[in-house]
Amino acid sequence: QLRLVESGGGLVQPGGSLRLSCKASGSGFTSYTMGWYRQAPGKQRELVARITSSGITTFTNIERGRFTISRDNDKNTVDLQMSSLKPEDAGVYYCNTAPASVARWGQGTQVIVSS
């Protein structure tokens with residue numbers, strides 16, 4: 001069973017950058033497409049970006065060009081580099097497989113974008 005732990009969130013000013021990291025333990029990480037998801041206050045959780053096992057990336061429109069997703073299959077990690085952050089980027093960020101598995105949701109890491 002894959003277990004996922006997110007880190008790297010915090011408070012950042014608009015226009016700033018933040019790097020989120022997800023550490024996976026258990027088996028099978030290298031075979032999964034992995035995703036970063038965001039749940040903004042009062043909204044449903046949504047996929048922000050995903051990366052296949054071979055490194056092909058997909059982003060939603062508002063994140064393209066500002067966010068980068070990467071993975072290290074040797075370290076079992078998947079990172080989300082966020083730049084030019086906007087207040088609407090705030091929320092709790094989670095990593096999971098894509099499509100997501102209910103059993104794999106972790107605690108997430110909170111991102112606050114505020115001056």
# chains A, B, ... in the order shown; residues from 1 in each chain; ligands from 1
>>> residues_around(residues="region 9-17 of chain A", least_positions_apart="2", cutoff="10 Å", atoms="only C-alpha atoms", output="PyMOL selection string")
chain A and resi 6-7+19-21+66-67+81-93+108-115
>>> residues_around(residues="Lys23 (chain A)", least_positions_apart="4", cutoff="6 Å", atoms="only C-alpha atoms", output="count of residues only")
3
>>> select_by_dssp(residues="region 14-103 of chain A", states="strand (DSSP E)", output="number ranges by chain")
A: 18-25, 34-39, 46-51, 57-59, 67-72, 77-82, 91-97
>>> atom_distance(atom1="CA of Ile51 (chain A)", atom2="CA of Thr33 (chain A)")
5.6 Å
>>> closest_residue(among="A:Ala98, A:Leu80, A:Ala24, A:Leu18", to="Thr52 (chain A)", atoms="only C-alpha atoms")
A:Ala98
>>> atom_distance(atom1="CA of Gly28 (chain A)", atom2="CA of Gly8 (chain A)")
23.5 Å
>>> residues_around(residues="Asp72 (chain A)", least_positions_apart="4", cutoff="10 Å", atoms="only C-alpha atoms", output="VMD selection string")
chain A and resid 23 30 53 55 76 to 79
>>> closest_residue(among="A:Gln107, A:Asn96, A:Ser54, A:Thr60", to="Gly35 (chain A)", atoms="only C-alpha atoms")
A:Asn96
>>> residues_around(residues="Arg50 (chain A)", least_positions_apart="6", cutoff="6 Å", atoms="only C-alpha atoms", output="CSV table (one decimal) with N, CA, C and O atoms, in the first residue's frame")
chain,number,residue,atom,x,y,z
A,34,MET,N,1.3,10.3,-10.7
A,34,MET,CA,1.1,11.0,-9.4
A,34,MET,C,0.5,12.4,-9.7
A,34,MET,O,0.8,13.0,-10.7
A,35,GLY,N,-0.3,12.9,-8.8
A,35,GLY,CA,-0.8,14.2,-8.9
A,35,GLY,C,-0.8,15.0,-7.7
A,35,GLY,O,-0.6,14.5,-6.6
A,57,THR,N,4.0,15.5,-18.1
A,57,THR,CA,3.3,16.3,-17.1
A,57,THR,C,2.0,17.0,-17.8
A,57,THR,O,2.0,17.2,-19.0
A,58,THR,N,1.0,17.2,-16.9
A,58,THR,CA,-0.2,17.8,-17.3
A,58,THR,C,-0.6,18.8,-16.3
A,58,THR,O,-0.5,18.5,-15.1
>>> closest_residue(among="A:Phe29, A:Arg104, A:Tyr94, A:Trp36", to="Ser70 (chain A)", atoms="only C-alpha atoms")
A:Trp36
>>> atom_distance(atom1="CA of Arg64 (chain A)", atom2="CA of Trp105 (chain A)")
24.0 Å
>>> decode(residues="region 13-27 of chain A", atoms="all heavy atoms", output="PDB file, in the first residue's frame")
ATOM      1  N   GLN A  13       3.955  35.573   0.272  1.00  0.00           N
ATOM      2  CA  GLN A  13       3.353  36.786  -0.275  1.00  0.00           C
ATOM      3  C   GLN A  13       2.956  36.573  -1.734  1.00  0.00           C
ATOM      4  O   GLN A  13       3.564  35.742  -2.437  1.00  0.00           O
ATOM      5  CB  GLN A  13       4.336  37.954  -0.178  1.00  0.00           C
ATOM      6  CG  GLN A  13       4.629  38.392   1.239  1.00  0.00           C
ATOM      7  CD  GLN A  13       5.502  39.630   1.285  1.00  0.00           C
ATOM      8  OE1 GLN A  13       6.139  39.982   0.302  1.00  0.00           O
ATOM      9  NE2 GLN A  13       5.517  40.301   2.427  1.00  0.00           N
ATOM     10  N   PRO A  14       1.961  37.297  -2.202  1.00  0.00           N
ATOM     11  CA  PRO A  14       1.626  37.224  -3.633  1.00  0.00           C
ATOM     12  C   PRO A  14       2.850  37.504  -4.486  1.00  0.00           C
ATOM     13  O   PRO A  14       3.637  38.410  -4.193  1.00  0.00           O
ATOM     14  CB  PRO A  14       0.571  38.329  -3.783  1.00  0.00           C
ATOM     15  CG  PRO A  14      -0.061  38.436  -2.432  1.00  0.00           C
ATOM     16  CD  PRO A  14       1.052  38.188  -1.451  1.00  0.00           C
ATOM     17  N   GLY A  15       3.008  36.700  -5.513  1.00  0.00           N
ATOM     18  CA  GLY A  15       4.183  36.813  -6.363  1.00  0.00           C
ATOM     19  C   GLY A  15       5.345  35.945  -5.917  1.00  0.00           C
ATOM     20  O   GLY A  15       6.332  35.801  -6.655  1.00  0.00           O
ATOM     21  N   GLY A  16       5.224  35.378  -4.747  1.00  0.00           N
ATOM     22  CA  GLY A  16       6.303  34.549  -4.221  1.00  0.00           C
ATOM     23  C   GLY A  16       6.275  33.130  -4.740  1.00  0.00           C
ATOM     24  O   GLY A  16       5.440  32.759  -5.573  1.00  0.00           O
ATOM     25  N   SER A  17       7.216  32.335  -4.239  1.00  0.00           N
ATOM     26  CA  SER A  17       7.364  30.946  -4.680  1.00  0.00           C
ATOM     27  C   SER A  17       7.365  30.011  -3.485  1.00  0.00           C
ATOM     28  O   SER A  17       7.690  30.402  -2.357  1.00  0.00           O
ATOM     29  CB  SER A  17       8.678  30.773  -5.447  1.00  0.00           C
ATOM     30  OG  SER A  17       8.707  31.578  -6.604  1.00  0.00           O
ATOM     31  N   LEU A  18       7.005  28.781  -3.772  1.00  0.00           N
ATOM     32  CA  LEU A  18       6.979  27.753  -2.741  1.00  0.00           C
ATOM     33  C   LEU A  18       7.190  26.413  -3.425  1.00  0.00           C
ATOM     34  O   LEU A  18       6.717  26.198  -4.548  1.00  0.00           O
ATOM     35  CB  LEU A  18       5.633  27.788  -2.022  1.00  0.00           C
ATOM     36  CG  LEU A  18       5.511  27.382  -0.571  1.00  0.00           C
ATOM     37  CD1 LEU A  18       6.471  28.195   0.307  1.00  0.00           C
ATOM     38  CD2 LEU A  18       4.085  27.562  -0.087  1.00  0.00           C
ATOM     39  N   ARG A  19       7.864  25.522  -2.729  1.00  0.00           N
ATOM     40  CA  ARG A  19       8.077  24.176  -3.268  1.00  0.00           C
ATOM     41  C   ARG A  19       7.471  23.167  -2.310  1.00  0.00           C
ATOM     42  O   ARG A  19       7.870  23.082  -1.145  1.00  0.00           O
ATOM     43  CB  ARG A  19       9.560  23.873  -3.459  1.00  0.00           C
ATOM     44  CG  ARG A  19       9.829  22.557  -4.190  1.00  0.00           C
ATOM     45  CD  ARG A  19      11.322  22.348  -4.439  1.00  0.00           C
ATOM     46  NE  ARG A  19      11.607  21.174  -5.240  1.00  0.00           N
ATOM     47  CZ  ARG A  19      11.679  21.190  -6.568  1.00  0.00           C
ATOM     48  NH1 ARG A  19      11.491  22.307  -7.229  1.00  0.00           N
ATOM     49  NH2 ARG A  19      11.953  20.073  -7.233  1.00  0.00           N
ATOM     50  N   LEU A  20       6.536  22.400  -2.808  1.00  0.00           N
ATOM     51  CA  LEU A  20       5.902  21.347  -2.028  1.00  0.00           C
ATOM     52  C   LEU A  20       6.553  20.016  -2.380  1.00  0.00           C
ATOM     53  O   LEU A  20       6.957  19.793  -3.522  1.00  0.00           O
ATOM     54  CB  LEU A  20       4.411  21.283  -2.325  1.00  0.00           C
ATOM     55  CG  LEU A  20       3.628  22.591  -2.186  1.00  0.00           C
ATOM     56  CD1 LEU A  20       2.144  22.346  -2.460  1.00  0.00           C
ATOM     57  CD2 LEU A  20       3.833  23.213  -0.828  1.00  0.00           C
ATOM     58  N   SER A  21       6.619  19.149  -1.385  1.00  0.00           N
ATOM     59  CA  SER A  21       7.206  17.845  -1.609  1.00  0.00           C
ATOM     60  C   SER A  21       6.302  16.762  -1.051  1.00  0.00           C
ATOM     61  O   SER A  21       5.642  16.948  -0.029  1.00  0.00           O
ATOM     62  CB  SER A  21       8.586  17.755  -0.960  1.00  0.00           C
ATOM     63  OG  SER A  21       9.222  16.543  -1.303  1.00  0.00           O
ATOM     64  N   CYS A  22       6.273  15.637  -1.727  1.00  0.00           N
ATOM     65  CA  CYS A  22       5.489  14.488  -1.300  1.00  0.00           C
ATOM     66  C   CYS A  22       6.418  13.285  -1.258  1.00  0.00           C
ATOM     67  O   CYS A  22       7.077  12.973  -2.251  1.00  0.00           O
ATOM     68  CB  CYS A  22       4.347  14.248  -2.273  1.00  0.00           C
ATOM     69  SG  CYS A  22       3.409  12.740  -1.987  1.00  0.00           S
ATOM     70  N   LYS A  23       6.472  12.663  -0.105  1.00  0.00           N
ATOM     71  CA  LYS A  23       7.303  11.474   0.065  1.00  0.00           C
ATOM     72  C   LYS A  23       6.397  10.248   0.110  1.00  0.00           C
ATOM     73  O   LYS A  23       5.463  10.198   0.926  1.00  0.00           O
ATOM     74  CB  LYS A  23       8.116  11.583   1.345  1.00  0.00           C
ATOM     75  CG  LYS A  23       8.923  10.338   1.690  1.00  0.00           C
ATOM     76  CD  LYS A  23      10.035  10.070   0.710  1.00  0.00           C
ATOM     77  CE  LYS A  23      10.882   8.873   1.150  1.00  0.00           C
ATOM     78  NZ  LYS A  23      11.958   8.579   0.153  1.00  0.00           N
ATOM     79  N   ALA A  24       6.687   9.283  -0.732  1.00  0.00           N
ATOM     80  CA  ALA A  24       5.907   8.053  -0.768  1.00  0.00           C
ATOM     81  C   ALA A  24       6.677   6.918  -0.117  1.00  0.00           C
ATOM     82  O   ALA A  24       7.893   6.805  -0.280  1.00  0.00           O
ATOM     83  CB  ALA A  24       5.573   7.695  -2.215  1.00  0.00           C
ATOM     84  N   SER A  25       5.950   6.104   0.605  1.00  0.00           N
ATOM     85  CA  SER A  25       6.525   4.871   1.143  1.00  0.00           C
ATOM     86  C   SER A  25       5.602   3.718   0.773  1.00  0.00           C
ATOM     87  O   SER A  25       4.418   3.931   0.492  1.00  0.00           O
ATOM     88  CB  SER A  25       6.706   4.964   2.658  1.00  0.00           C
ATOM     89  OG  SER A  25       5.466   5.223   3.289  1.00  0.00           O
ATOM     90  N   GLY A  26       6.141   2.533   0.800  1.00  0.00           N
ATOM     91  CA  GLY A  26       5.373   1.395   0.338  1.00  0.00           C
ATOM     92  C   GLY A  26       5.782   1.048  -1.070  1.00  0.00           C
ATOM     93  O   GLY A  26       6.739   1.579  -1.611  1.00  0.00           O
ATOM     94  N   SER A  27       5.032   0.194  -1.679  1.00  0.00           N
ATOM     95  CA  SER A  27       5.439  -0.319  -2.984  1.00  0.00           C
ATOM     96  C   SER A  27       4.625   0.287  -4.123  1.00  0.00           C
ATOM     97  O   SER A  27       3.512   0.753  -3.938  1.00  0.00           O
ATOM     98  CB  SER A  27       5.272  -1.845  -2.997  1.00  0.00           C
ATOM     99  OG  SER A  27       3.912  -2.189  -2.789  1.00  0.00           O
TER     100      SER A  27
END
